[in-house]
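S.K.: One structure coming up, written as structure tokens, with questions to follow.
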Amino acid sequence: MMYHESIIELNGISVRKAKGLLLGGISLNVSRNEFVGIIGPNGAGKTTLLNVIAGLERFEGTLGLFGRRESWRRSRDTRVRIGYVPQLFQIDPAFPILASEAVMTGAIGRLGLFRSPGRQEKEDAMRLMDMMRLTHLAERPLGLLSGGERQKVSLARAILQQPDILLMDEPTANLDIAVQKEVLNLIDEIHKQEALTFLFVTHDFNMLPSAMRRAVLLDHGKKVFDGDINTALSGDRLSRLFRYPLETFERNGRRFVSYG
Amino acid sequence: MAEHLLEALTYPPIQRAAIACVLCGASCSLLSVFVVLMKMPLIGVSMSHAAFAGAVLGLLFDFNPFLSGFILCLLVAGVLGPLSDRTDMSPENMLGIMFSFLMGLAFLGMGILTRTKAGALNLMWGSLLSLSGSDIWILTIITSLLVLFVFLFFKEIRSVMFNRRLAAASGVPERMIYYALLFLTGAVVSSNLATVGGLLIFALLVQPGATALQLTYNLEHFFLISAASGIGACVSGLVVSYIFDLPSGASVVLMATTIFAVAYTFSPKRRSAILKGRNKFYENDAR
């Protein structure tokens, strides 16, 4: 029964590189429509974990996606079902792509070769840009947008792909607090509207989407905790994980971390 | 002057040179869009030197220089492609090693080549006036393949140029596009050894794309502007070299640089980006 509910199944996943072991035997099951936070310090293997699931990294161990075993080489159909929102990345301000065109790149893999985006894709892109409050920026070059605006473009792009799983790698890192909150609220909104399974990588425990109920804590490529988010956010546990004294307090039924 | 030029165009070698100029400008400048936007100038350098070294070896062993250049290009592409897929090592050093190795190979070949050094020197800076009919055919076919590639896979190309990893993750055949591009790079540089040569071709692999980068945010226009400036540089370079009796390859490269300098000076993008940066705070307040 559990088997059929799991949309992502990692079993003893390891990733080895010249600089060492990035992931050391991670096992993890994620069910459909779950919202899971992947939390840990720098170098814990959070991004590597997402890359394994996205098919961008070679790995040892077994990975099941949608009930099928997959390697890092995989079919277009499988790739299309997994969306990816990366950390804010640099783009040459002169790069010839408009915000609306960047959003549309999300539909290219799904459409396949020799098929252009049709009216349906354009309408979907418009709707998503409206949801992200980007409509007035649609015809602006992407490189001239602010970091927050570019992250909202990345979100719209990933959703236009119509994935079943959405992987997010610190989507709010390097953004102003107000913009971080805006992006998190949009992520919550997406979670309410679309039946998606979310994996959200972060090292900032005070900027979490409210939909995130489960947390997986990673340290040195190993899973050190997997369970309820409020249990995960204990002062002792986080102090050990981040090697820094941290305290937690509760407000409105959620735990927050004080950096002391 | 114009009559003089038109009269020159009645001679078959000049006709071939004129046609080759257009084809060379078109093929190199279309490729330069990729070189500039995907930030792969070092790959362009290595490939052009591979073509040069291969062709010199071809002369040495009495083998068709275009084919031997192309084969060495493909070998280099076969090493460079997988290298760029690996995230755990920086490809710059490897490219540097490859580039100097190929240069060494080419000069070694030239040193051994006792019979005629002129052939090897032509491969270095091209010889527009001594092209054969088959040179023109090869150029025509390869330029057409490149144009076809851009037309058929335009939307995939846009998404791969934007971000290779995101494209790959979202089901775009990123590796297919990338390897096709390496293959076409090899074909374009080795077929243009005869026109501008293995050393000067690099200017045409960067400057047309860099010129377009100054002028547009639209990728379709980007390809067109790049092609126009590449063809413009080649044709005007040939005319200048004919009128003033100058080396054709050098004239073409200097024209390409001039076109780039003009585009840079009058770039509306650069100016609007500066203005936008200054006005950004006001815009945000107004909202």
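By order of appearance in the structure tokens: chains A, B, ..., then residues from 1 within every chain, and ligands from 1 in the order shown.
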Quick check: residues of chain B within 7 Å of chain A, only C-alpha atoms, returned as a list in words.
M.R.: Asp88, Leu152, Lys155, Glu156, Ser159, Ala169, Ser170, Gly171, Val172, Leu213, Thr216, Tyr217, Asn218 and Leu219 of chain B
S.K.: Identify, on the basis of only C-alpha atoms, every residue whose closest approach to Tyr244 in chain A does not exceed 12 Å; exclude the query and any residue fewer than 2 positions from it along the same chain; express the result as a list in words.
M.R.: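 The residues that qualify are Pro41, Gly235, Asp236, Arg237, Leu238, Ser239, Arg240, Leu241, Phe242, Leu246, Glu247, Val257, Ser258, Tyr259 and Gly260 of chain A.
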S.K.: Hey, what's within 9 Å of range 25-34 of chain A if we count only C-alpha atoms and toss same-chain stuff fewer than 6 positions away? As a PDB file with C-alpha atoms, in the first residue's frame, please?
M.R.:
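Saved as out13.pdb:
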```
ATOM      1  CA  MET A   2       2.725   2.408   1.051  1.00  0.00           C
ATOM      2  CA  HIS A   4       1.896   2.780  -4.375  1.00  0.00           C
ATOM      3  CA  GLU A   5       1.562   6.063  -2.545  1.00  0.00           C
ATOM      4  CA  SER A   6       5.258   6.850  -2.821  1.00  0.00           C
ATOM      5  CA  ILE A   7       6.045   9.067  -5.772  1.00  0.00           C
ATOM      6  CA  ILE A   8       9.761   9.380  -4.884  1.00  0.00           C
ATOM      7  CA  GLU A   9      11.681   6.458  -3.367  1.00  0.00           C
ATOM      8  CA  LEU A  10      15.377   6.764  -2.630  1.00  0.00           C
ATOM      9  CA  ASN A  11      17.204   3.695  -1.426  1.00  0.00           C
ATOM     10  CA  GLY A  12      20.838   3.948  -0.341  1.00  0.00           C
ATOM     11  CA  ILE A  13      21.601   6.805  -2.743  1.00  0.00           C
ATOM     12  CA  SER A  14      25.282   7.815  -2.803  1.00  0.00           C
ATOM     13  CA  VAL A  15      27.096  10.356  -4.932  1.00  0.00           C
ATOM     14  CA  LEU A  49      19.917  15.287  -3.567  1.00  0.00           C
ATOM     15  CA  GLU A  60      24.738   4.713  -6.824  1.00  0.00           C
ATOM     16  CA  GLY A  61      21.756   3.054  -5.170  1.00  0.00           C
ATOM     17  CA  ASP A 164       3.997  16.268 -10.802  1.00  0.00           C
ATOM     18  CA  ILE A 165       7.024  16.982  -8.620  1.00  0.00           C
ATOM     19  CA  HIS A 191       0.523  24.265  -3.356  1.00  0.00           C
ATOM     20  CA  ALA A 195      -1.768  18.897  -6.992  1.00  0.00           C
ATOM     21  CA  LEU A 196       2.012  18.863  -6.741  1.00  0.00           C
ATOM     22  CA  THR A 197       4.615  17.140  -4.612  1.00  0.00           C
ATOM     23  CA  PHE A 198       7.168  19.651  -3.302  1.00  0.00           C
ATOM     24  CA  LEU A 199      10.771  19.291  -2.229  1.00  0.00           C
ATOM     25  CA  ALA A 211       2.537  24.283   3.655  1.00  0.00           C
ATOM     26  CA  MET A 212       5.777  22.552   4.656  1.00  0.00           C
ATOM     27  CA  ARG A 213       4.797  19.966   7.268  1.00  0.00           C
ATOM     28  CA  ARG A 214       7.696  17.559   7.029  1.00  0.00           C
ATOM     29  CA  VAL A 216      14.411  16.066   6.368  1.00  0.00           C
ATOM     30  CA  GLY A 221      25.553  13.706   3.027  1.00  0.00           C
ATOM     31  CA  LYS A 222      23.583  11.728   5.626  1.00  0.00           C
ATOM     32  CA  LYS A 223      19.988  11.953   6.778  1.00  0.00           C
ATOM     33  CA  ASP A 226      13.010  12.883   9.081  1.00  0.00           C
TER      34      ASP A 226
END
```
S.K.: Any chance you could list, as a PyMOL selection string, the residues in range 11-179 of chain A that come up alpha helix (DSSP H) when DSSP is run on the backbone?
M.R.: chain A and resi 46-54+76-80+99-104+108-111+119-131+147-160+177-179
S.K.: Go ahead and save the picked residues with N, CA and C atoms, as a short mmCIF file (atom, residue, chain, number, x, y, z; two decimals), in the first residue's frame.
M.R.:
```cif
data_model
loop_
_atom_site.label_atom_id
_atom_site.label_comp_id
_atom_site.auth_asym_id
_atom_site.auth_seq_id
_atom_site.Cartn_x
_atom_site.Cartn_y
_atom_site.Cartn_z
N LYS A 46 22.31 18.90 0.03
CA LYS A 46 20.92 19.22 -0.29
C LYS A 46 20.70 19.35 -1.79
N THR A 47 21.56 20.17 -2.43
CA THR A 47 21.42 20.38 -3.87
C THR A 47 21.70 19.10 -4.64
N THR A 48 22.70 18.33 -4.18
CA THR A 48 23.03 17.06 -4.84
C THR A 48 21.82 16.13 -4.81
N LEU A 49 21.11 16.13 -3.69
CA LEU A 49 19.92 15.29 -3.57
C LEU A 49 18.87 15.68 -4.62
N LEU A 50 18.65 16.99 -4.76
CA LEU A 50 17.69 17.44 -5.78
C LEU A 50 18.17 17.05 -7.18
N ASN A 51 19.48 17.20 -7.42
CA ASN A 51 20.02 16.89 -8.75
C ASN A 51 19.86 15.41 -9.09
N VAL A 52 19.98 14.55 -8.08
CA VAL A 52 19.76 13.12 -8.31
C VAL A 52 18.32 12.88 -8.76
N ILE A 53 17.39 13.52 -8.06
CA ILE A 53 15.97 13.31 -8.40
C ILE A 53 15.66 13.91 -9.78
N ALA A 54 16.32 15.05 -10.09
CA ALA A 54 16.07 15.72 -11.36
C ALA A 54 16.78 15.04 -12.54
N ARG A 76 12.24 11.41 -21.78
CA ARG A 76 11.70 12.77 -21.75
C ARG A 76 10.43 12.81 -20.89
N ASP A 77 9.59 11.76 -21.00
CA ASP A 77 8.34 11.75 -20.24
C ASP A 77 8.59 11.89 -18.75
N THR A 78 9.62 11.19 -18.25
CA THR A 78 9.92 11.26 -16.82
C THR A 78 10.44 12.65 -16.47
N ARG A 79 11.33 13.17 -17.31
CA ARG A 79 11.90 14.50 -17.03
C ARG A 79 10.82 15.57 -16.98
N VAL A 80 9.88 15.49 -17.92
CA VAL A 80 8.83 16.51 -17.99
C VAL A 80 8.00 16.54 -16.70
N ALA A 99 11.16 38.19 -20.47
CA ALA A 99 10.61 37.44 -19.34
C ALA A 99 9.59 36.40 -19.82
N SER A 100 8.72 36.80 -20.76
CA SER A 100 7.68 35.86 -21.23
C SER A 100 8.31 34.69 -21.98
N GLU A 101 9.40 34.96 -22.70
CA GLU A 101 10.07 33.88 -23.43
C GLU A 101 10.75 32.92 -22.45
N ALA A 102 11.30 33.48 -21.37
CA ALA A 102 11.94 32.62 -20.36
C ALA A 102 10.89 31.72 -19.72
N VAL A 103 9.70 32.26 -19.44
CA VAL A 103 8.63 31.44 -18.87
C VAL A 103 8.28 30.31 -19.85
N MET A 104 8.21 30.68 -21.14
CA MET A 104 7.80 29.71 -22.16
C MET A 104 8.79 28.56 -22.31
N ILE A 108 8.89 23.81 -23.46
CA ILE A 108 9.57 23.30 -24.66
C ILE A 108 9.80 21.78 -24.60
N GLY A 109 10.26 21.30 -23.45
CA GLY A 109 10.51 19.86 -23.33
C GLY A 109 9.22 19.07 -23.46
N ARG A 110 8.16 19.60 -22.85
CA ARG A 110 6.86 18.93 -22.86
C ARG A 110 6.29 18.88 -24.28
N LEU A 111 6.49 19.95 -25.06
CA LEU A 111 5.95 19.98 -26.42
C LEU A 111 6.67 18.99 -27.33
N ARG A 119 -1.80 28.24 -28.76
CA ARG A 119 -2.60 29.18 -27.99
C ARG A 119 -2.72 28.73 -26.53
N GLN A 120 -2.88 27.40 -26.35
CA GLN A 120 -3.03 26.87 -24.99
C GLN A 120 -1.83 27.24 -24.12
N GLU A 121 -0.63 26.99 -24.64
CA GLU A 121 0.59 27.27 -23.88
C GLU A 121 0.70 28.77 -23.58
N LYS A 122 0.34 29.59 -24.59
CA LYS A 122 0.45 31.04 -24.38
C LYS A 122 -0.52 31.51 -23.31
N GLU A 123 -1.74 30.95 -23.34
CA GLU A 123 -2.73 31.32 -22.32
C GLU A 123 -2.26 30.88 -20.92
N ASP A 124 -1.73 29.67 -20.85
CA ASP A 124 -1.23 29.17 -19.56
C ASP A 124 -0.11 30.06 -19.04
N ALA A 125 0.79 30.45 -19.94
CA ALA A 125 1.91 31.30 -19.54
C ALA A 125 1.39 32.65 -19.02
N MET A 126 0.39 33.21 -19.73
CA MET A 126 -0.20 34.49 -19.31
C MET A 126 -0.83 34.37 -17.92
N ARG A 127 -1.57 33.27 -17.73
CA ARG A 127 -2.25 33.05 -16.46
C ARG A 127 -1.22 32.97 -15.32
N LEU A 128 -0.13 32.22 -15.57
CA LEU A 128 0.89 32.06 -14.54
C LEU A 128 1.59 33.38 -14.25
N MET A 129 1.86 34.16 -15.31
CA MET A 129 2.53 35.43 -15.09
C MET A 129 1.62 36.38 -14.33
N ASP A 130 0.31 36.25 -14.58
CA ASP A 130 -0.65 37.06 -13.84
C ASP A 130 -0.64 36.67 -12.37
N MET A 131 -0.62 35.36 -12.12
CA MET A 131 -0.60 34.85 -10.74
C MET A 131 0.65 35.35 -10.01
N GLY A 147 16.20 40.44 -8.82
CA GLY A 147 16.34 39.05 -8.40
C GLY A 147 15.01 38.40 -8.07
N GLY A 148 14.16 39.12 -7.33
CA GLY A 148 12.86 38.57 -6.95
C GLY A 148 11.99 38.31 -8.18
N GLU A 149 12.03 39.25 -9.12
CA GLU A 149 11.23 39.09 -10.34
C GLU A 149 11.73 37.88 -11.14
N ARG A 150 13.05 37.71 -11.18
CA ARG A 150 13.60 36.57 -11.93
C ARG A 150 13.22 35.25 -11.27
N GLN A 151 13.17 35.23 -9.92
CA GLN A 151 12.77 33.99 -9.26
C GLN A 151 11.31 33.68 -9.53
N LYS A 152 10.48 34.72 -9.63
CA LYS A 152 9.07 34.47 -9.95
C LYS A 152 8.94 33.96 -11.39
N VAL A 153 9.80 34.44 -12.27
CA VAL A 153 9.84 33.91 -13.64
C VAL A 153 10.21 32.42 -13.60
N SER A 154 11.19 32.07 -12.77
CA SER A 154 11.61 30.67 -12.65
C SER A 154 10.47 29.79 -12.15
N LEU A 155 9.70 30.33 -11.17
CA LEU A 155 8.55 29.58 -10.65
C LEU A 155 7.52 29.36 -11.75
N ALA A 156 7.19 30.44 -12.46
CA ALA A 156 6.18 30.33 -13.53
C ALA A 156 6.66 29.35 -14.59
N ARG A 157 7.95 29.42 -14.92
CA ARG A 157 8.53 28.53 -15.91
C ARG A 157 8.37 27.07 -15.49
N ALA A 158 8.68 26.79 -14.21
CA ALA A 158 8.61 25.41 -13.73
C ALA A 158 7.18 24.89 -13.74
N ILE A 159 6.21 25.76 -13.44
CA ILE A 159 4.82 25.30 -13.37
C ILE A 159 4.22 25.13 -14.76
N LEU A 160 4.70 25.95 -15.70
CA LEU A 160 4.23 25.82 -17.09
C LEU A 160 4.59 24.44 -17.65
N ILE A 177 13.92 40.56 2.34
CA ILE A 177 12.96 39.86 3.20
C ILE A 177 11.54 39.95 2.65
N ALA A 178 11.14 41.15 2.23
CA ALA A 178 9.77 41.32 1.73
C ALA A 178 9.54 40.46 0.49
N VAL A 179 10.56 40.40 -0.37
CA VAL A 179 10.43 39.62 -1.60
C VAL A 179 10.44 38.13 -1.28
#
```
S.K.: So that I can check the secondary structure, give me every residue of range 56-188 of chain A assigned strand (DSSP E or B) by backbone DSSP, as an MDAnalysis selection string.
M.R.: chainID A and resid 60:65 68:70 82:85 98 141 165:169
S.K.: Using only C-alpha atoms, determine which residues lie at most 8 Å from Leu102 in chain B, disregarding the query and same-chain residues fewer than 5 positions distant; provide the list as JSON, numbers by chain.
M.R.: {"B": [46, 49, 50, 53]}
S.K.: Include N, CA and C atoms and write out the residues we just selected as a short mmCIF file (atom, residue, chain, number, x, y, z; two decimals), in the first residue's frame.
M.R.:
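Contents of the output file selection-v4.cif:
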```cif
data_model
loop_
_atom_site.label_atom_id
_atom_site.label_comp_id
_atom_site.auth_asym_id
_atom_site.auth_seq_id
_atom_site.Cartn_x
_atom_site.Cartn_y
_atom_site.Cartn_z
N SER B 46 39.75 26.22 -29.80
CA SER B 46 40.30 24.86 -29.90
C SER B 46 39.89 24.18 -31.19
N HIS B 49 41.77 25.55 -34.19
CA HIS B 49 43.14 25.07 -34.24
C HIS B 49 43.21 23.58 -34.56
N ALA B 50 42.19 22.84 -34.13
CA ALA B 50 42.13 21.43 -34.49
C ALA B 50 42.01 21.29 -36.00
N ALA B 53 45.43 22.19 -37.52
CA ALA B 53 46.42 21.13 -37.32
C ALA B 53 46.08 19.92 -38.19
#
```
S.K.: Between CA of Met161 in chain B and CA of Phe222 in chain B, what is the distance in Å, rounded to a tenth?
M.R.: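 For CA of Met161 in chain B relative to CA of Phe222 in chain B, the distance reads 12.8 Å.
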S.K.: Name all residues at most 12 Å from Phe266 in chain B (count only C-alpha atoms; drop same-chain ones fewer than 6 positions away) and give them as an MDAnalysis selection string.
M.R.: chainID B and resid 211:212 214:215 259:260 272
S.K.: Just to be explicit: take each residue in the selection above, keep C-alpha atoms, and write the result as a compact mmCIF listing (two decimals), in the first residue's frame.
M.R.:
```txt
# COMPACT_ATOMS: atom_id res chain seq x y z
CA THR B 211 27.97 42.92 -32.43
CA ALA B 212 24.40 41.56 -32.24
CA GLN B 214 25.01 45.27 -28.50
CA LEU B 215 21.89 45.75 -30.58
CA ILE B 259 31.64 46.89 -37.31
CA PHE B 260 31.77 45.70 -33.72
CA SER B 272 19.13 51.97 -21.91
```
S.K.: At a cut-off of 9 Å, using only C-alpha atoms, what residues contact Leu131 in chain B? Leave out same-chain residues fewer than 4 positions from it and give the result as an mmCIF file with C-alpha atoms, in the first residue's frame.
M.R.:
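This is the output file part03.cif:
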```cif
data_model
loop_
_atom_site.group_PDB
_atom_site.id
_atom_site.type_symbol
_atom_site.label_atom_id
_atom_site.label_comp_id
_atom_site.auth_asym_id
_atom_site.auth_seq_id
_atom_site.Cartn_x
_atom_site.Cartn_y
_atom_site.Cartn_z
ATOM 1 C CA PRO B 13 38.078 33.144 -59.426
ATOM 2 C CA ARG B 16 34.041 32.180 -56.446
ATOM 3 C CA ALA B 17 35.746 34.449 -53.920
ATOM 4 C CA ALA B 20 32.705 32.130 -50.649
ATOM 5 C CA SER B 127 43.263 32.195 -49.884
ATOM 6 C CA ASP B 135 35.459 24.208 -51.840
ATOM 7 C CA ILE B 136 32.371 26.251 -52.696
ATOM 8 C CA ALA B 194 40.264 27.726 -47.352
ATOM 9 C CA THR B 195 38.476 31.086 -47.010
#
```
S.K.: Considering only C-alpha atoms, return as an MDAnalysis selection string whatever protein or nucleic-acid residues lie within 6 Å of range 206-210 of chain A, sequence-local ones (same chain, fewer than 2 positions apart) excluded.
M.R.: chainID A and resid 184 204 212 256
